[in-house]
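Structure below is structure.tsv: TSV, C-alpha atoms and all ligand atoms.
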chain	number	residue	atom	x	y	z
A	118	MET	CA	12.22	-17.34	5.91
A	119	LYS	CA	10.25	-20.31	4.60
A	120	VAL	CA	8.75	-19.69	1.17
A	121	LEU	CA	5.94	-22.11	0.31
A	122	ILE	CA	4.64	-21.83	-3.25
A	123	HIS	CA	1.35	-23.61	-3.94
A	124	SER	CA	-0.27	-24.25	-7.29
A	125	ASP	CA	-3.35	-22.15	-6.52
A	126	ALA	CA	-4.96	-19.92	-3.92
A	127	ALA	CA	-7.09	-22.72	-2.46
A	128	GLN	CA	-4.00	-24.80	-1.69
A	129	ALA	CA	-2.26	-21.78	-0.15
A	130	VAL	CA	-5.28	-21.10	2.07
A	131	SER	CA	-5.42	-24.73	3.22
A	132	CYS	CA	-1.70	-24.61	4.00
A	133	VAL	CA	-2.13	-21.54	6.24
A	134	THR	CA	-5.17	-23.04	7.95
A	135	GLY	CA	-3.13	-26.19	8.57
A	136	LEU	CA	-0.32	-24.19	10.19
A	137	MET	CA	-2.83	-22.45	12.45
A	138	LEU	CA	-4.59	-25.69	13.38
A	139	ASP	CA	-1.26	-27.21	14.24
A	140	ARG	CA	-0.44	-24.28	16.53
A	141	MET	CA	-3.87	-24.37	18.20
A	142	GLN	CA	-3.67	-28.10	18.78
A	143	ARG	CA	-0.24	-27.79	20.39
A	144	GLN	CA	-1.12	-24.63	22.34
A	145	PRO	CA	-4.88	-24.20	22.85
A	146	ALA	CA	-4.22	-21.08	24.96
A	147	SER	CA	-2.38	-19.32	22.11
A	148	VAL	CA	-2.36	-15.57	21.66
A	149	LEU	CA	-3.36	-15.14	18.02
A	150	GLY	CA	-2.64	-12.07	15.91
A	151	LEU	CA	-5.45	-11.81	13.36
A	152	ALA	CA	-5.75	-10.01	10.05
A	153	THR	CA	-8.61	-8.74	7.92
A	154	GLY	CA	-8.96	-8.34	4.14
A	155	ALA	CA	-10.45	-10.52	1.41
A	156	THR	CA	-7.43	-12.85	1.55
A	157	MET	CA	-8.36	-14.08	5.04
A	158	GLU	CA	-12.02	-14.86	4.44
A	159	ALA	CA	-11.34	-18.41	3.17
A	160	VAL	CA	-8.93	-19.07	6.07
A	161	TYR	CA	-11.61	-18.12	8.59
A	162	GLU	CA	-14.16	-20.31	6.80
A	163	GLN	CA	-11.82	-23.27	7.18
A	164	LEU	CA	-11.08	-22.50	10.85
A	165	ILE	CA	-14.81	-22.41	11.59
A	166	ALA	CA	-15.24	-25.73	9.77
A	167	ALA	CA	-12.38	-27.21	11.80
A	168	GLN	CA	-14.05	-26.15	15.03
A	169	VAL	CA	-17.41	-27.55	13.91
A	170	ALA	CA	-15.63	-30.81	13.08
A	171	GLY	CA	-14.16	-30.89	16.60
A	172	GLN	CA	-10.55	-30.53	15.43
A	173	ILE	CA	-9.90	-27.40	17.49
A	174	SER	CA	-11.42	-25.17	20.13
A	175	PHE	CA	-10.81	-21.46	20.60
A	176	SER	CA	-12.18	-21.55	24.14
A	177	ARG	CA	-8.74	-20.92	25.67
A	178	ALA	CA	-7.37	-18.65	22.93
A	179	THR	CA	-6.92	-14.88	22.95
A	180	SER	CA	-6.77	-12.72	19.85
A	181	PHE	CA	-5.52	-9.28	18.89
A	182	ASN	CA	-6.35	-7.89	15.48
A	183	LEU	CA	-3.79	-5.86	13.59
A	184	ASP	CA	-5.79	-2.73	13.04
A	185	GLU	CA	-9.00	-0.67	12.98
A	186	TYR	CA	-10.16	2.49	11.23
A	187	VAL	CA	-10.14	5.66	13.31
A	188	GLY	CA	-13.63	7.07	13.77
A	189	LEU	CA	-15.59	3.84	13.25
A	190	SER	CA	-17.50	2.20	16.09
A	191	PRO	CA	-17.59	-1.61	16.32
A	192	THR	CA	-21.11	-1.60	14.85
A	193	HIS	CA	-20.16	0.38	11.71
A	194	PRO	CA	-20.54	-1.90	8.67
A	195	GLY	CA	-17.08	-0.89	7.40
A	196	SER	CA	-15.33	-1.51	10.72
A	197	TYR	CA	-12.91	-4.38	11.20
A	198	TRP	CA	-14.86	-5.35	14.32
A	199	ARG	CA	-17.84	-6.00	12.08
A	200	TYR	CA	-15.66	-7.91	9.59
A	201	MET	CA	-14.30	-10.13	12.37
A	202	GLN	CA	-17.71	-10.80	13.89
A	203	HIS	CA	-19.12	-11.70	10.50
A	204	HIS	CA	-16.23	-13.87	9.29
A	205	LEU	CA	-15.05	-15.47	12.55
A	206	PHE	CA	-16.06	-14.35	16.03
A	207	ASP	CA	-19.80	-15.05	15.68
A	208	HIS	CA	-19.04	-18.64	14.69
A	209	ILE	CA	-16.36	-19.81	17.14
A	210	ASP	CA	-16.20	-20.58	20.84
A	211	MET	CA	-13.64	-17.91	21.80
A	212	PRO	CA	-15.02	-15.79	24.66
A	213	VAL	CA	-15.75	-12.36	23.19
A	214	GLU	CA	-13.89	-10.60	26.01
A	215	ARG	CA	-10.68	-12.24	24.79
A	216	ALA	CA	-11.11	-10.95	21.20
A	217	HIS	CA	-9.33	-7.61	20.93
A	218	LEU	CA	-9.32	-4.86	18.32
A	219	PRO	CA	-8.35	-1.23	18.80
A	220	ARG	CA	-11.42	0.94	19.43
A	221	GLY	CA	-11.74	3.09	16.34
A	222	ASP	CA	-14.23	5.36	18.07
A	223	ALA	CA	-12.05	6.09	21.12
A	224	ALA	CA	-12.20	9.75	22.18
A	225	ASP	CA	-8.39	9.86	22.18
A	226	PRO	CA	-7.10	7.57	19.40
A	227	ALA	CA	-3.43	8.08	20.33
A	228	ALA	CA	-4.13	6.99	23.92
A	229	GLU	CA	-6.13	4.03	22.57
A	230	ALA	CA	-3.15	2.98	20.45
A	231	ALA	CA	-0.86	3.10	23.51
A	232	ARG	CA	-3.42	1.14	25.55
A	233	TYR	CA	-3.62	-1.51	22.80
A	234	GLU	CA	0.16	-1.88	22.64
A	235	ALA	CA	0.28	-2.29	26.42
A	236	ALA	CA	-2.48	-4.92	26.30
A	237	ILE	CA	-0.48	-6.96	23.78
A	238	VAL	CA	2.62	-6.74	25.99
A	239	ALA	CA	0.54	-7.73	29.05
A	240	ALA	CA	-0.73	-10.80	27.16
A	241	GLY	CA	2.89	-11.87	26.64
A	242	ASP	CA	3.00	-10.72	22.98
A	243	ILE	CA	1.56	-12.54	19.98
A	244	GLY	CA	2.27	-16.28	19.67
A	245	PHE	CA	1.00	-16.83	16.13
A	246	GLN	CA	0.66	-13.78	13.87
A	247	LEU	CA	-1.38	-14.13	10.69
A	248	LEU	CA	-0.61	-11.48	8.05
A	249	GLY	CA	-1.94	-10.47	4.67
A	250	LEU	CA	-0.05	-8.18	2.33
A	251	GLY	CA	-1.05	-4.87	0.80
A	252	SER	CA	-0.21	-4.52	-2.89
A	253	ASN	CA	2.12	-1.66	-1.86
A	254	GLY	CA	3.92	-3.94	0.62
A	255	HIS	CA	2.08	-2.88	3.77
A	256	ILE	CA	1.41	-5.21	6.71
A	257	GLY	CA	-1.40	-4.31	9.09
A	258	PHE	CA	-1.81	-0.68	8.10
A	259	ASN	CA	1.92	0.05	8.20
A	260	GLU	CA	2.18	1.93	4.94
A	261	PRO	CA	5.46	2.48	3.03
A	262	THR	CA	7.90	4.68	5.00
A	263	SER	CA	6.55	3.40	8.33
A	264	SER	CA	9.27	3.13	10.94
A	265	LEU	CA	10.49	-0.45	10.92
A	266	ALA	CA	10.65	-0.22	14.74
A	267	SER	CA	7.17	1.32	15.18
A	268	LEU	CA	4.70	0.35	17.90
A	269	THR	CA	0.89	0.56	17.78
A	270	ARG	CA	-0.06	4.06	16.62
A	271	ILE	CA	-2.14	6.10	14.21
A	272	LYS	CA	-1.24	5.91	10.52
A	273	THR	CA	-2.51	7.90	7.57
A	274	LEU	CA	-3.61	5.55	4.79
A	275	THR	CA	-2.37	5.90	1.23
A	276	ARG	CA	-4.87	6.57	-1.51
A	277	SER	CA	-4.12	3.15	-3.07
A	278	THR	CA	-4.91	1.38	0.22
A	279	ARG	CA	-8.16	3.33	0.59
A	280	GLU	CA	-9.10	2.39	-2.98
A	281	ALA	CA	-8.26	-1.29	-2.37
A	282	ASN	CA	-10.46	-1.31	0.74
A	283	SER	CA	-13.32	0.75	-0.71
A	284	ARG	CA	-15.48	-2.28	-1.52
A	285	TYR	CA	-17.03	-2.06	1.96
A	286	TYR	CA	-18.13	1.55	1.36
A	287	ASP	CA	-20.46	3.35	-1.05
A	288	ARG	CA	-17.89	5.94	-2.04
A	289	LEU	CA	-14.10	6.25	-1.83
A	290	GLU	CA	-14.55	9.46	0.18
A	291	ASP	CA	-16.27	7.41	2.89
A	292	VAL	CA	-13.19	5.22	3.51
A	293	PRO	CA	-11.48	6.56	6.66
A	294	ARG	CA	-8.15	8.31	6.17
A	295	LEU	CA	-6.64	7.18	9.48
A	296	ALA	CA	-6.23	3.84	11.21
A	297	ILE	CA	-4.82	2.52	14.47
A	298	THR	CA	-2.40	-0.27	13.59
A	299	MET	CA	-0.04	-2.58	15.44
A	300	GLY	CA	3.43	-1.32	14.66
A	301	ILE	CA	6.08	-3.18	12.75
A	302	GLY	CA	8.03	-3.56	15.99
A	303	THR	CA	4.92	-5.04	17.62
A	304	ILE	CA	4.52	-7.58	14.80
A	305	MET	CA	8.23	-8.45	14.91
A	306	ARG	CA	7.92	-9.50	18.58
A	307	ALA	CA	5.53	-12.32	17.59
A	308	GLN	CA	6.97	-15.80	18.15
A	309	GLU	CA	5.79	-17.01	14.75
A	310	VAL	CA	4.58	-15.11	11.70
A	311	VAL	CA	2.65	-16.60	8.76
A	312	LEU	CA	1.94	-14.33	5.79
A	313	LEU	CA	-0.56	-15.33	3.10
A	314	ALA	CA	-0.77	-13.65	-0.31
A	315	TYR	CA	-2.24	-14.83	-3.58
A	316	GLY	CA	-3.07	-13.44	-7.00
A	317	ALA	CA	-1.10	-11.48	-9.59
A	318	ALA	CA	-1.86	-8.13	-7.92
A	319	LYS	CA	0.43	-9.17	-5.03
A	320	ALA	CA	3.37	-10.43	-7.15
A	321	LYS	CA	5.41	-7.21	-7.01
A	322	ALA	CA	4.98	-6.80	-3.25
A	323	VAL	CA	5.79	-10.49	-2.69
A	324	ALA	CA	9.06	-10.15	-4.64
A	325	ALA	CA	9.99	-7.03	-2.65
A	326	LEU	CA	9.12	-8.77	0.62
A	327	ILE	CA	11.14	-11.93	-0.06
A	328	GLU	CA	13.99	-10.79	-2.29
A	329	GLY	CA	14.04	-7.00	-2.20
A	330	PRO	CA	16.24	-4.79	-0.06
A	331	LEU	CA	15.26	-4.39	3.59
A	332	SER	CA	13.47	-1.07	3.29
A	333	ALA	CA	10.66	0.98	4.78
A	334	ALA	CA	9.54	1.45	1.15
A	335	CYS	CA	8.24	-2.14	1.47
A	336	PRO	CA	7.34	-2.54	5.17
A	337	ALA	CA	6.84	-6.31	4.76
A	338	SER	CA	10.55	-6.66	3.88
A	339	ILE	CA	11.32	-6.37	7.61
A	340	LEU	CA	10.14	-9.99	7.86
A	341	GLN	CA	13.55	-10.93	6.42
A	342	MET	CA	14.77	-10.17	9.96
A	343	HIS	CA	12.23	-12.43	11.70
A	344	ARG	CA	13.50	-15.78	13.00
A	345	ASN	CA	10.29	-17.77	12.44
A	346	VAL	CA	8.38	-16.56	9.42
A	347	THR	CA	6.58	-18.54	6.71
A	348	VAL	CA	5.38	-16.87	3.51
A	349	VAL	CA	2.62	-18.86	1.79
A	350	ILE	CA	1.79	-17.85	-1.79
A	351	ASP	CA	0.30	-19.18	-5.01
A	352	GLU	CA	1.83	-19.36	-8.50
A	353	ALA	CA	0.41	-15.99	-9.53
A	354	ALA	CA	1.85	-14.18	-6.52
A	355	ALA	CA	5.22	-15.95	-7.05
A	356	ALA	CA	5.54	-14.76	-10.64
A	357	MET	CA	8.23	-12.12	-10.02
A	358	LEU	CA	10.56	-14.16	-7.78
A	359	THR	CA	14.02	-14.69	-9.22
A	360	LEU	CA	15.02	-17.60	-6.93
A	361	ARG	CA	11.87	-19.57	-7.73
A	362	ALA	CA	13.74	-22.79	-8.60
A	363	TYR	CA	15.42	-22.75	-5.19
A	364	TYR	CA	12.16	-22.37	-3.26
A	365	ASP	CA	10.66	-25.27	-5.25
A	366	GLU	CA	13.70	-27.40	-4.52
A	367	VAL	CA	13.49	-26.78	-0.76
A	368	HIS	CA	9.70	-27.11	-0.48
A	369	PRO	CA	8.35	-28.96	-3.54
A	370	LYS	CA	4.78	-27.77	-4.25
A	371	GLY	CA	4.86	-25.81	-1.01
A	372	GLY	CA	5.17	-28.98	1.06
A	373	ALA	CA	7.58	-30.22	3.70
A	374	ALA	CA	11.28	-29.43	3.29
A	375	LEU	CA	13.49	-31.99	1.61
A	376	LEU	CA	16.40	-32.25	3.99
A	401	LIG	C1	-5.88	-4.16	4.60
A	401	LIG	C2	-5.48	-4.72	5.96
A	401	LIG	C3	-4.27	-5.61	5.84
A	401	LIG	C4	-4.45	-6.60	4.70
A	401	LIG	C5	-4.61	-5.86	3.40
A	401	LIG	C6	-4.74	-6.77	2.20
A	401	LIG	O1	-5.14	-3.05	4.25
A	401	LIG	N1	-5.22	-3.70	6.92
A	401	LIG	O2	-4.07	-6.30	7.06
A	401	LIG	O3	-3.35	-7.47	4.61
A	401	LIG	O4	-5.80	-5.08	3.54
A	401	LIG	O5	-6.10	-6.95	1.90
A	401	LIG	P1	-6.68	-8.02	0.89
A	401	LIG	O6	-6.53	-9.33	1.56
A	401	LIG	O7	-8.11	-7.62	0.75
A	401	LIG	O8	-5.88	-7.92	-0.36

Would you write the structure of this file as structure tokens?
Ligand code: GLP
Amino acid sequence: MKVLIHSDAAQAVSCVTGLMLDRMQRQPASVLGLATGATMEAVYEQLIAAQVAGQISFSRATSFNLDEYVGLSPTHPGSYWRYMQHHLFDHIDMPVERAHLPRGDAADPAAEAARYEAAIVAAGDIGFQLLGLGSNGHIGFNEPTSSLASLTRIKTLTRSTREANSRYYDRLEDVPRLAITMGIGTIMRAQEVVLLAYGAAKAKAVAALIEGPLSAACPASILQMHRNVTVVIDEAAAAMLTLRAYYDEVHPKGGAALL
């Protein structure tokens, strides 16, 4: 696991964008695993700017988002489809038929989850998986106690996750209780995983992810078993790490390794 600690959130965001640009430039036909949440908004802004500047094109890329709320259609203002259109898809040259999210309004959500998993497998699995981090250690919507081998399925959201995501809704009661999410096993098949987290509210989950025991109590801790994972954080999110001096020695200021 590479741990890159940057002085502030802006630097961490630029680092993640740089890793994605590098991947896209090497492999324009990449299969991207995309995430939602406030953390990713600045990354998507920078990706759009990079495309406008001619540094990359998404015209040959394919994407699969991590998750979607059960019961919401793509046009619902709180849906992740709407989030992705607003923050990325409406502004890039990726053909819309190659942008995938689970259909939250499917008549049979369990069958939709199985279809989504099969579509990811058929695409050859995710090449570059972008992840955020829930303050309770979730990735995608894999809440604590999720099977560490799980595939795409329906998950019941914790109250804390619903509260954290309630900013897109008038009332907490309006936040859906269920979501379709890529499983932890699905995420672990990705060739490369890059997780971005910043701010003090993520410090406990970041410490559990990087240094805690491998445990379903912190689903992100499974990334300790991934062969190609980079965790990009800022000072505030790094505050509870005990091996901080070591990470700084290996990657000073979150930069290239000193070998
Ligand atoms: C949601 C998403 C996750 C995301 C998390 C963190 O729960 N399903 O993929 O990582 O929010 O969100 P934020 O970036 O807003 O802290």

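With only C-alpha atoms and all ligand atoms as the atoms that count, the minimum distance from ligand LIG 401 (chain A) to the choices A:Ala167, A:Ile304, A:Ile327, A:Ala314 is reached by A:Ala314.
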
Inset, instruction - Record the distance separating atom CA of Ile301 of chain A and atom CA of Glu158 of chain A, expressed in Å with one decimal. - result: 23.1 Å

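For the point (0.3, -9.1, -7.8) in file coordinates, the residues within 7 Å, using only C-alpha atoms, are Ser252, Gly316, Ala317, Ala318, Lys319, Ala320, Lys321, Ala322 and Ala354 of chain A.
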
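Restricting the calculation to only C-alpha atoms, the smallest distance between Ala228 of chain A and any of A:Met299, A:Ile173, A:Ile350, A:Ile271 is found for A:Ile271.
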
Inset, instruction - Please provide as a PyMOL selection string all residues within 8 Å of Ser131 of chain A, with the sequence filter that same-chain residues fewer than 3 positions apart are discarded (counting all atoms listed in the file). - result: chain A and resi 127-128+134-135+160+163

For the residues in the current selection, export C-alpha atoms as a PDB file, in the frame of the given file.
ATOM      1  CA  ALA A 127      -7.090 -22.720  -2.460  1.00  0.00           C
ATOM      2  CA  GLN A 128      -4.000 -24.800  -1.690  1.00  0.00           C
ATOM      3  CA  THR A 134      -5.170 -23.040   7.950  1.00  0.00           C
ATOM      4  CA  GLY A 135      -3.130 -26.190   8.570  1.00  0.00           C
ATOM      5  CA  VAL A 160      -8.930 -19.070   6.070  1.00  0.00           C
ATOM      6  CA  GLN A 163     -11.820 -23.270   7.180  1.00  0.00           C
TER       7      GLN A 163
END

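Interatomic distance, atom CA of Leu295 of chain A to atom CA of Val187 of chain A: 5.4 Å.
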
Legend entry - Nearest residue to ligand LIG 401 (chain A) from the set A:Gly154, A:Gly300, A:Gly221, A:Gly372 (distances using all atoms listed in the file): A:Gly154
